[in-house]
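To keep things clear, I will list the structure first and then write my remarks on it.
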Amino acid sequence: MRNDILIYTSPGCPDCAALKQWLTEAGLGYHERDLSDPSVSDEAKSRCGVRVAPVTVIGEQCLYGTFANQLPQLQVLLKP
């Protein structure tokens with residue numbers, strides 16, 4: 001199982017829920033950080049240049065935008 005997936009999410013965000021469900025169904029573990037915490041929001045901005053949920057960090061790659069927009073890149077980056 002991978003352990004290098006970090007996601008920045010916001011409570012009630014439907015794209016965040018879709019991302020977490022997809023990762024779980026794919027059997028991929030992840031670490032989650034809550035963007036509603038100002039320090040976490042600052043961390044996401046510093047690391048990836050954005051504070052919009054969801055943000056997915058895999059290694060040094062930052063993906064952001066809707067889940068539908070992230071999905072093609074996720075599939076490439078997380079291909080077994």
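Each chain in the structure tokens gets a letter, A, B, ..., in the order shown, and its residues are numbered from 1; ligands are numbered from 1 in order too.
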key: Those of chain A in DSSP strand (DSSP E), formatted as a list in words   =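 Taking chain A and keeping strand (DSSP E) only, one gets Ile5, Leu6, Ile7, Tyr8, Thr9, His31, Glu32, Arg33, Asp34, Val55, Thr56, Val57, Ile58, Gln61, Cys62, Leu63 and Tyr64 of chain A.
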DSSP-assigned alpha helix (DSSP H) members of chain A, reported as a VMD selection string = chain A and resid 14 to 25 38 to 48 67 to 77
ask   = Quick one: of A:Ile7, A:Ala68, A:Leu74, A:Ala53, who's nearest to Lys20 (chain A), counting only C-alpha atoms?
value =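 That would be A:Ile7, the residue with the smallest distance to Lys20 (chain A).
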message = With distances taken over only C-alpha atoms, which residue among A:Ala17, A:Gly59, A:Ala26, A:Leu6 lies nearest Lys79 (chain A)?
response = A:Ala26
task = Excluding Pro14 (chain A) and any residue of its chain fewer than 3 positions from it, enumerate the residues within 10 Å of it, using only C-alpha atoms, and give them as an MDAnalysis selection string.
result = chainID A and resid 9:11 17:20 53:54 66:67
